Amino acid sequence: MTFIKSVFMYIQKGEYMKNNKSRFIVILLMLSMVAVACGGDTAEEVVETPEVTEAPQETLAAPATTAPPPEVIVVWAEEKVATALDPLVGAYEAAAGVDVEVVVYEFGAIRTDVQTAGPAGEGPDVFLGAHDWVGELAANGVIQPINLSSVSADLFEVGINAFSYDGMSYGFPYATEAIAMYYNADLTDGVPASWDDVKAACDAAGTELCVGAPGGGGGADAYHNHPFVASAGGYVFKISGGFDPNDVGLDNANALVSAEYLDSLVKDGVVASTDYGGSMSAFQEGRSLFWMTGPWARNDASAVNYNVGLIPAFGDSPATPFVGVRGAMVSSFSEKKLLAESFILDFFATVEVQEAMYNSDPRLPATKSLFAIVEAADPVAAAFAASASNGIPMPNIPEMGSVWGPFGDALLIIRDQAYGTNEETGVTVNSATDAMKLAAEQIRTAIAGG
């Protein structure tokens, strides 16, 4: 009976074959063994085993099943970026088992519409935008932090800082924009490494003006003149895991020394008192040797045989222009946040996709891998990208709105040498130091709500 018990336990444990035929044969075998064991003590007794006929196998129709549709990732992007992405998403869709819907969206409208469409469940999972949206969108709970650790080694620090807010990263930077120095290649071989050597180059070229740059001639322009104040230790807001609106550095010791140095460059005739239009025409007409502005002016600069170099350094400190950065962000209203982040980090961040976007819309690369490609193919673009890599992002916090006016006005006073008492305000500014102290005071008062 021990053997029979074992067979029975074998059946109980379900180790037998699971189709109907096998299950029927095993049961008959078990019954025959029971008969042998109980039929008597003589070995001669034989119990005939009945002929086994195959039990008809039951045929079951396969249940009707429908595979669930793939998840859909919705991406909002301006037309040039969407054009570059659309033919590439197929490979990612196949690998990730998702569908990607790239929606062409007017760039300026993305910032506002993502804040209304998202809560209504009609917004994107991923959208592309500018870094200076981050403070507003993060404060309003519109964007989701993203972990850049897997791709950070390929990113320039300026891009990472641009999408940082309150110690968190909120986007993958893919393009930068910053000013550099155009030069007339028929009149000079390049841009001097230091501002101390710029005047000698202009004297040798014999041009009417030396450096044309927006921000003078009655036209305030804090953006173009930021390097003159912030390259050697001055700053608008301190950067510490984001911008700190409570730490304004436009009147710290380094900023004041830099402002006085700008004053000396103006007095020496190195930096001309020109607004944007004046600086452009002076360069186009061969009246200035250098022009400080950005890559958007390449067509305008082509009136002469031009090239581009870095803005000269201030002593041992490289020039730090303001940098605009564009990136990909994840909506906090998305129900597919992990898939959205994967789309950015595993597809969008690849050099193949980045290169395709550059070819469609040649903005300066924010990734080192694309920079290496651009550097070889387009030295002018590479010069602008190198300038951006030395810069700092325009602050992405709402308090920056209180900066542009006072900062630009202070620099305009220096550039136009408009010292003295302002008849409208009664405020007296007798030096570059006074101008910067006044701007810093006005900014702090505005931020405090005064």
# chains A, B, ... in the order shown; residues from 1 in each chain; ligands from 1
call {"tool": "closest_atom_pairs", "arguments": {"of": "range 339-428 of chain A", "to": "range 130-146 of chain A", "cutoff": "12 Å", "atoms": "only C-alpha atoms", "output": "JSON lines"}}
result
{"residue": "A:Leu339", "atom": "CA", "partner": "A:Ile146", "partner_atom": "CA", "distance": 11.8}
{"residue": "A:Ala340", "atom": "CA", "partner": "A:Ile146", "partner_atom": "CA", "distance": 9.9}
{"residue": "A:Glu341", "atom": "CA", "partner": "A:Ile146", "partner_atom": "CA", "distance": 6.9}
{"residue": "A:Ser342", "atom": "CA", "partner": "A:Ile146", "partner_atom": "CA", "distance": 10.0}
{"residue": "A:Phe343", "atom": "CA", "partner": "A:Ile146", "partner_atom": "CA", "distance": 11.7}
{"residue": "A:Ile344", "atom": "CA", "partner": "A:Ile146", "partner_atom": "CA", "distance": 9.5}
{"residue": "A:Leu345", "atom": "CA", "partner": "A:Ile146", "partner_atom": "CA", "distance": 9.4}
{"residue": "A:Ile392", "atom": "CA", "partner": "A:His131", "partner_atom": "CA", "distance": 11.9}
{"residue": "A:Pro393", "atom": "CA", "partner": "A:His131", "partner_atom": "CA", "distance": 8.2}
{"residue": "A:Met394", "atom": "CA", "partner": "A:Asp132", "partner_atom": "CA", "distance": 6.9}
{"residue": "A:Pro395", "atom": "CA", "partner": "A:Asp132", "partner_atom": "CA", "distance": 6.6}
{"residue": "A:Asn396", "atom": "CA", "partner": "A:Asp132", "partner_atom": "CA", "distance": 4.0}
{"residue": "A:Ile397", "atom": "CA", "partner": "A:Gly135", "partner_atom": "CA", "distance": 4.5}
{"residue": "A:Pro398", "atom": "CA", "partner": "A:Gly135", "partner_atom": "CA", "distance": 6.3}
{"residue": "A:Glu399", "atom": "CA", "partner": "A:Gly135", "partner_atom": "CA", "distance": 9.3}
{"residue": "A:Met400", "atom": "CA", "partner": "A:Asp132", "partner_atom": "CA", "distance": 9.3}
{"residue": "A:Gly401", "atom": "CA", "partner": "A:Asp132", "partner_atom": "CA", "distance": 10.8}
call {"tool": "select_by_dssp", "arguments": {"residues": "range 207-395 of chain A", "states": "helix (DSSP H, G or I)", "output": "JSON, numbers by chain"}}
result
{"A": [222, 223, 224, 225, 226, 227, 228, 229, 230, 253, 254, 255, 256, 257, 258, 259, 260, 261, 262, 263, 264, 265, 266, 267, 276, 277, 278, 279, 280, 281, 282, 283, 284, 295, 296, 297, 298, 299, 300, 301, 337, 338, 339, 340, 341, 342, 343, 344, 345, 346, 347, 348, 351, 352, 353, 354, 355, 356, 357, 358, 359, 360, 368, 369, 370, 371, 372, 373, 374, 375, 376, 377, 379, 380, 381, 382, 383, 384, 385, 386, 387, 388, 389, 390]}
call {"tool": "residues_around", "arguments": {"residues": "range 152-167 of chain A", "least_positions_apart": "2", "cutoff": "9 Å", "atoms": "only C-alpha atoms", "output": "VMD selection string"}}
result
chain A and resid 130 to 132 134 to 135 138 148 to 150 169 to 176 239 to 244 323 to 327 366 to 369 388 to 397
call {"tool": "closest_residue", "arguments": {"among": "A:Ala204, A:Met292, A:Val380, A:Val351", "to": "Ala319 in chain A", "atoms": "only C-alpha atoms"}}
result
A:Met292
call {"tool": "closest_residue", "arguments": {"among": "A:Pro379, A:Gly269, A:Pro68, A:Pro119", "to": "Gly309 in chain A", "atoms": "only C-alpha atoms"}}
result
A:Pro379
call {"tool": "closest_residue", "arguments": {"among": "A:Val114, A:Ala200, A:Leu128, A:Ile73", "to": "Tyr92 in chain A", "atoms": "only C-alpha atoms"}}
result
A:Ile73
call {"tool": "residues_around", "arguments": {"residues": "Val270 in chain A", "least_positions_apart": "3", "cutoff": "7 Å", "atoms": "only C-alpha atoms", "output": "list in words"}}
result
Lys199, Cys210, Val211, Leu265 and Val266 of chain A
call {"tool": "write_last_selection", "arguments": {"atoms": "N, CA and C atoms", "output": "compact mmCIF listing (two decimals), in the first residue's frame"}}
result
# COMPACT_ATOMS: atom_id res chain seq x y z
N LYS A 199 42.60 97.36 -27.29
CA LYS A 199 42.85 98.69 -27.85
C LYS A 199 44.00 98.66 -28.86
N CYS A 210 36.16 100.86 -31.93
CA CYS A 210 36.85 99.62 -31.58
C CYS A 210 35.85 98.49 -31.39
N VAL A 211 35.15 98.48 -30.25
CA VAL A 211 34.15 97.45 -29.96
C VAL A 211 32.77 98.07 -29.97
N LEU A 265 37.32 101.38 -19.91
CA LEU A 265 37.29 100.94 -21.32
C LEU A 265 36.52 101.95 -22.17
N VAL A 266 35.44 102.49 -21.61
CA VAL A 266 34.67 103.49 -22.34
C VAL A 266 35.49 104.77 -22.50
